[in-house]
Amino acid sequence: MSDYRHIAVLDIGKTNAKVVVLDSATGAEIAVRKQPNAVIRDGLYPHYDIENLWNFALASLKAFAREPGFDALSITTHGAAAALLDANGKLAMPVIDYEHEYPQDIRDAYDALRPPFAETFSPRLSMGLNVGAQLHYQKTAFPDAFAKVADILTYAQYWSARLTGIAANEATSLGCHTDLWNPKTGAYSSLVDTLAIRARMAPIRSAFDALGPVLPEIADEIGLSVPVYCGIHDSNASLLPHLVGREAPFSVVSTGTWVINFGVGGDLDHLDAKRDALANVDAYGRAVPSSRFMGGREFEILSAEIGEVSDAAARAAVADVIAKGIMLLPNVATGSGPFPGKVSRWVGLEGASRGERYAAACLYLALMTQACLGLIGAKGPVIVEGPFALNEAYLSLLSALTGRDTMALPGSTGTSQGAALLAGIRPVSGAERHFAPYAIPGLSGYRERWYAAME
């Protein structure tokens, strides 16, 4: 455990940004501020509102410096993002929204030059979900602006650089389906030289490195000078606490905008790139079999359509949903997941109550998660963290479908705890809820019919 009493975390997800203060002795979140992560639609291309995020971060840190106080600062952000800086350390180009789709000719050109899956264990993803595709697009479509780029930083490290003045890259952010990393060699992939950007890539530092104190002008602004840690990709931040003191094999289901599944203790030999299975790289530089779907976004869409339903009502409706064959088929959010090319539709929806629709949505998410876990050969207990850890209908269904113990971790998200662990916070333990597998009548047959309906 560190000597820090409180650790602040700047946590920028795809949907929301927040600043959290955690108690280093207990791991508990003791203060939090949150705001939506907006996308600006004008300019060269859709991009994140970096200055709005920066002002939010400074205002939050200033408030938390007064109460409850903090002694160190760590960073975690979503992946599929990179910051391109000019010679003065300012953004040379906006930080592109990874949901922006590129012209077909640029996509085709990128497909021809990207490395094979066997080198990067990074599947070809839609839009800008491969950072290599982003860089190729920015370089090809906007050559004059790209010519001014002096340093290329992974996204979490952009924020640590802005806070400290020290530029870095880091392996968890490079290893999350960027096409830029070779997880077997622990070094850049051939794409870095193909794009002729090696000289512009900032030095690689460990996520655990304290890069330096905040810049003097920032210390004056927030009223505090503290060390800033290099930072970590958010899904790997969620994974990190479980790597400390837990024996493999086990699985982690990290939920947010994305549902990212990690098969700790597995291998890379059977990953299917066409079904969104890939390798991530953990904070210690090790490759971890992974799979994903945009489950949080999907549940947000479904919840807005269906309306509010209590967890007790959802669980009570499961038996009727199974008996009536009410089903939701993939994909609510297209472009990712274990069933590529499928278009979402409801089966047996006529006359269904709100509770039944909601229960069917939970069944859909549990079936999608089980499919993702199967793709990575996941073994051992299943640990669910993030918003889905509060959804008891989903948790009980996932446990029944997998036949494995399922643990739900407290807290709004595990990313903040994982990022704080870089600075020495104690991992939260003993507060998880356990869901033992039990037989749900008709569930196995429902699952078979769900798969058959997709064919």
# chains A, B, ... in the order shown; residues from 1 in each chain; ligands from 1
$ select_by_dssp --residues "stretch 42-112 of chain A" --states "alpha helix (DSSP H)" --output "PyMOL selection string"
chain A and resi 50-66+104-112
$ write_last_selection --atoms "C-alpha atoms" --output "PDB file, in the first residue's frame"
ATOM      1  CA  ILE A  50     -11.068  18.229 -25.324  1.00  0.00           C
ATOM      2  CA  GLU A  51     -11.180  21.753 -23.890  1.00  0.00           C
ATOM      3  CA  ASN A  52     -14.511  21.095 -22.207  1.00  0.00           C
ATOM      4  CA  LEU A  53     -13.078  17.924 -20.665  1.00  0.00           C
ATOM      5  CA  TRP A  54      -9.973  19.816 -19.565  1.00  0.00           C
ATOM      6  CA  ASN A  55     -11.990  22.576 -17.886  1.00  0.00           C
ATOM      7  CA  PHE A  56     -14.157  19.967 -16.170  1.00  0.00           C
ATOM      8  CA  ALA A  57     -11.066  18.120 -14.934  1.00  0.00           C
ATOM      9  CA  LEU A  58      -9.414  21.268 -13.557  1.00  0.00           C
ATOM     10  CA  ALA A  59     -12.601  22.487 -11.844  1.00  0.00           C
ATOM     11  CA  SER A  60     -13.120  19.076 -10.238  1.00  0.00           C
ATOM     12  CA  LEU A  61      -9.514  18.752  -9.107  1.00  0.00           C
ATOM     13  CA  LYS A  62      -9.642  22.273  -7.664  1.00  0.00           C
ATOM     14  CA  ALA A  63     -12.768  21.435  -5.671  1.00  0.00           C
ATOM     15  CA  PHE A  64     -11.408  18.101  -4.477  1.00  0.00           C
ATOM     16  CA  ALA A  65      -8.064  19.666  -3.497  1.00  0.00           C
ATOM     17  CA  ARG A  66     -10.018  21.542  -0.834  1.00  0.00           C
ATOM     18  CA  GLN A 104     -14.610   3.526 -48.718  1.00  0.00           C
ATOM     19  CA  ASP A 105     -11.410   4.177 -50.673  1.00  0.00           C
ATOM     20  CA  ILE A 106      -9.527   5.028 -47.479  1.00  0.00           C
ATOM     21  CA  ARG A 107     -10.885   1.935 -45.752  1.00  0.00           C
ATOM     22  CA  ASP A 108      -9.869  -0.257 -48.674  1.00  0.00           C
ATOM     23  CA  ALA A 109      -6.360   1.233 -48.707  1.00  0.00           C
ATOM     24  CA  TYR A 110      -5.988   0.595 -44.974  1.00  0.00           C
ATOM     25  CA  ASP A 111      -7.166  -3.010 -45.313  1.00  0.00           C
ATOM     26  CA  ALA A 112      -4.350  -3.568 -47.804  1.00  0.00           C
TER      27      ALA A 112
END
$ residues_around --residues "stretch 287-294 of chain A" --least-positions-apart "3" --cutoff "7 Å" --atoms "only C-alpha atoms" --output "number ranges by chain"
A: 183, 257-264, 266-268, 276-282, 297-298, 333, 336-337, 372, 376
$ residues_around --residues "A:Ala400" --least-positions-apart "2" --cutoff "7 Å" --atoms "only C-alpha atoms" --output "list in words"
Ser396, Leu397, Leu398, Thr402, Gly403, Pro437, Tyr438, Ala439 and Ile440 of chain A
$ atom_distance --atom1 "atom CA of A:Gly223" --atom2 "atom CA of A:Leu421"
24.0 Å
$ closest_atom_pairs --of "stretch 7-124 of chain A" --to "stretch 151-161 of chain A" --cutoff "6 Å" --atoms "only C-alpha atoms" --output "tab-separated table"
residue	atom	partner	partner_atom	distance
A:Thr76	CA	A:Ala156	CA	5.6
A:Thr77	CA	A:Ala156	CA	5.2
A:Ala81	CA	A:Tyr155	CA	5.4
A:Ala82	CA	A:Thr154	CA	4.6
A:Ala83	CA	A:Leu153	CA	5.2
A:Leu84	CA	A:Ile152	CA	4.8
A:Leu85	CA	A:Asp151	CA	5.1
$ residues_around --residues "A:Asp209" --least-positions-apart "5" --cutoff "12 Å" --atoms "only C-alpha atoms" --output "list of chain:residue names"
A:Leu73, A:Ser74, A:Ile75, A:Gln157, A:Ser160, A:Ile166, A:Ala168, A:Asn169, A:Glu170, A:Ile204, A:Pro227, A:Val228, A:Tyr229, A:Cys230, A:Gly231, A:Ile232, A:Ala283, A:Tyr284, A:Ala419, A:Leu421, A:Leu422, A:Ala423, A:Gly424
$ residues_around --residues "A:Ala133" --least-positions-apart "5" --cutoff "12 Å" --atoms "only C-alpha atoms" --output "number ranges by chain"
A: 80-82, 96, 98-103, 106-115, 122-128, 138-141, 177-180, 191-192, 195
$ write_last_selection --atoms "N, CA and C atoms" --output "mmCIF file, in the first residue's frame"
data_model
loop_
_atom_site.group_PDB
_atom_site.id
_atom_site.type_symbol
_atom_site.label_atom_id
_atom_site.label_comp_id
_atom_site.auth_asym_id
_atom_site.auth_seq_id
_atom_site.Cartn_x
_atom_site.Cartn_y
_atom_site.Cartn_z
ATOM 1 N N ALA A 80 -9.068 3.182 -28.353
ATOM 2 C CA ALA A 80 -9.373 3.610 -29.722
ATOM 3 C C ALA A 80 -9.300 5.124 -29.859
ATOM 4 N N ALA A 81 -8.263 5.700 -29.293
ATOM 5 C CA ALA A 81 -8.062 7.143 -29.401
ATOM 6 C C ALA A 81 -6.576 7.438 -29.289
ATOM 7 N N ALA A 82 -6.169 8.468 -30.022
ATOM 8 C CA ALA A 82 -4.789 8.936 -29.953
ATOM 9 C C ALA A 82 -4.792 10.444 -30.113
ATOM 10 N N ILE A 96 -9.969 12.398 -32.763
ATOM 11 C CA ILE A 96 -11.102 11.924 -33.568
ATOM 12 C C ILE A 96 -12.020 10.997 -32.768
ATOM 13 N N TYR A 98 -13.995 7.813 -32.371
ATOM 14 C CA TYR A 98 -13.773 6.531 -33.035
ATOM 15 C C TYR A 98 -15.027 5.988 -33.725
ATOM 16 N N GLU A 99 -16.171 6.612 -33.520
ATOM 17 C CA GLU A 99 -17.379 6.175 -34.215
ATOM 18 C C GLU A 99 -17.564 6.860 -35.571
ATOM 19 N N HIS A 100 -16.589 7.636 -35.987
ATOM 20 C CA HIS A 100 -16.633 8.255 -37.313
ATOM 21 C C HIS A 100 -16.202 7.231 -38.356
ATOM 22 N N GLU A 101 -16.995 7.098 -39.398
ATOM 23 C CA GLU A 101 -16.673 6.152 -40.476
ATOM 24 C C GLU A 101 -15.993 6.891 -41.625
ATOM 25 N N TYR A 102 -15.004 6.233 -42.238
ATOM 26 C CA TYR A 102 -14.193 6.857 -43.271
ATOM 27 C C TYR A 102 -14.692 6.493 -44.666
ATOM 28 N N PRO A 103 -14.312 7.276 -45.682
ATOM 29 C CA PRO A 103 -14.684 6.934 -47.062
ATOM 30 C C PRO A 103 -14.173 5.549 -47.452
ATOM 31 N N ILE A 106 -10.515 4.988 -48.565
ATOM 32 C CA ILE A 106 -9.527 5.028 -47.479
ATOM 33 C C ILE A 106 -9.574 3.735 -46.676
ATOM 34 N N ARG A 107 -10.764 3.214 -46.462
ATOM 35 C CA ARG A 107 -10.885 1.935 -45.752
ATOM 36 C C ARG A 107 -10.221 0.808 -46.549
ATOM 37 N N ASP A 108 -10.465 0.796 -47.845
ATOM 38 C CA ASP A 108 -9.869 -0.257 -48.674
ATOM 39 C C ASP A 108 -8.341 -0.164 -48.663
ATOM 40 N N ALA A 109 -7.817 1.054 -48.730
ATOM 41 C CA ALA A 109 -6.360 1.233 -48.707
ATOM 42 C C ALA A 109 -5.782 0.760 -47.382
ATOM 43 N N TYR A 110 -6.487 1.036 -46.284
ATOM 44 C CA TYR A 110 -5.988 0.595 -44.974
ATOM 45 C C TYR A 110 -6.017 -0.932 -44.868
ATOM 46 N N ASP A 111 -7.079 -1.546 -45.360
ATOM 47 C CA ASP A 111 -7.166 -3.010 -45.313
ATOM 48 C C ASP A 111 -5.973 -3.657 -46.004
ATOM 49 N N ALA A 112 -5.465 -3.003 -47.031
ATOM 50 C CA ALA A 112 -4.350 -3.568 -47.804
ATOM 51 C C ALA A 112 -3.015 -3.438 -47.095
ATOM 52 N N LEU A 113 -2.891 -2.498 -46.162
ATOM 53 C CA LEU A 113 -1.581 -2.273 -45.547
ATOM 54 C C LEU A 113 -1.480 -2.714 -44.093
ATOM 55 N N ARG A 114 -2.620 -2.991 -43.423
ATOM 56 C CA ARG A 114 -2.547 -3.348 -42.004
ATOM 57 C C ARG A 114 -1.946 -4.742 -41.811
ATOM 58 N N PRO A 115 -1.290 -4.992 -40.690
ATOM 59 C CA PRO A 115 -0.654 -6.293 -40.454
ATOM 60 C C PRO A 115 -1.692 -7.395 -40.267
ATOM 61 N N SER A 122 -5.186 -8.209 -33.336
ATOM 62 C CA SER A 122 -6.120 -7.092 -33.384
ATOM 63 C C SER A 122 -6.993 -7.278 -34.609
ATOM 64 N N PRO A 123 -8.296 -7.537 -34.452
ATOM 65 C CA PRO A 123 -9.144 -7.754 -35.626
ATOM 66 C C PRO A 123 -9.411 -6.452 -36.373
ATOM 67 N N ARG A 124 -9.778 -6.571 -37.630
ATOM 68 C CA ARG A 124 -10.191 -5.384 -38.385
ATOM 69 C C ARG A 124 -11.566 -4.985 -37.895
ATOM 70 N N LEU A 125 -11.661 -3.794 -37.322
ATOM 71 C CA LEU A 125 -12.893 -3.309 -36.727
ATOM 72 C C LEU A 125 -13.465 -2.172 -37.557
ATOM 73 N N SER A 126 -14.724 -1.897 -37.344
ATOM 74 C CA SER A 126 -15.393 -0.849 -38.100
ATOM 75 C C SER A 126 -14.993 0.530 -37.592
ATOM 76 N N MET A 127 -15.359 1.539 -38.369
ATOM 77 C CA MET A 127 -15.141 2.943 -37.995
ATOM 78 C C MET A 127 -13.666 3.158 -37.650
ATOM 79 N N GLY A 128 -13.398 3.855 -36.554
ATOM 80 C CA GLY A 128 -12.025 4.109 -36.149
ATOM 81 C C GLY A 128 -11.600 3.299 -34.945
ATOM 82 N N GLN A 138 -6.193 10.147 -40.986
ATOM 83 C CA GLN A 138 -5.740 11.521 -40.739
ATOM 84 C C GLN A 138 -4.565 11.883 -41.650
ATOM 85 N N LYS A 139 -3.663 10.934 -41.834
ATOM 86 C CA LYS A 139 -2.492 11.186 -42.685
ATOM 87 C C LYS A 139 -2.883 11.292 -44.160
ATOM 88 N N THR A 140 -3.831 10.456 -44.596
ATOM 89 C CA THR A 140 -4.217 10.419 -46.006
ATOM 90 C C THR A 140 -5.142 11.572 -46.378
ATOM 91 N N ALA A 141 -6.141 11.836 -45.528
ATOM 92 C CA ALA A 141 -7.160 12.831 -45.865
ATOM 93 C C ALA A 141 -6.712 14.262 -45.569
ATOM 94 N N HIS A 177 -6.519 -3.393 -29.542
ATOM 95 C CA HIS A 177 -6.973 -3.417 -30.934
ATOM 96 C C HIS A 177 -6.577 -2.180 -31.738
ATOM 97 N N THR A 178 -5.337 -1.729 -31.571
ATOM 98 C CA THR A 178 -4.878 -0.564 -32.329
ATOM 99 C C THR A 178 -4.261 -0.931 -33.667
ATOM 100 N N ASP A 179 -3.834 -2.178 -33.845
ATOM 101 C CA ASP A 179 -3.012 -2.640 -34.970
ATOM 102 C C ASP A 179 -1.563 -2.177 -34.853
ATOM 103 N N LEU A 180 -1.234 -1.416 -33.816
ATOM 104 C CA LEU A 180 0.107 -0.824 -33.678
ATOM 105 C C LEU A 180 1.034 -1.650 -32.790
ATOM 106 N N LEU A 191 3.158 -2.055 -38.564
ATOM 107 C CA LEU A 191 2.356 -0.941 -39.070
ATOM 108 C C LEU A 191 2.985 0.411 -38.744
ATOM 109 N N VAL A 192 3.688 0.503 -37.628
ATOM 110 C CA VAL A 192 4.325 1.766 -37.253
ATOM 111 C C VAL A 192 5.304 2.218 -38.334
ATOM 112 N N LEU A 195 3.352 3.058 -41.737
ATOM 113 C CA LEU A 195 2.792 4.413 -41.714
ATOM 114 C C LEU A 195 3.872 5.486 -41.572
#
$ closest_residue --among "A:Ala393, A:Ala453, A:Leu243, A:Ala312" --to "A:Leu329" --atoms "only C-alpha atoms"
A:Ala453
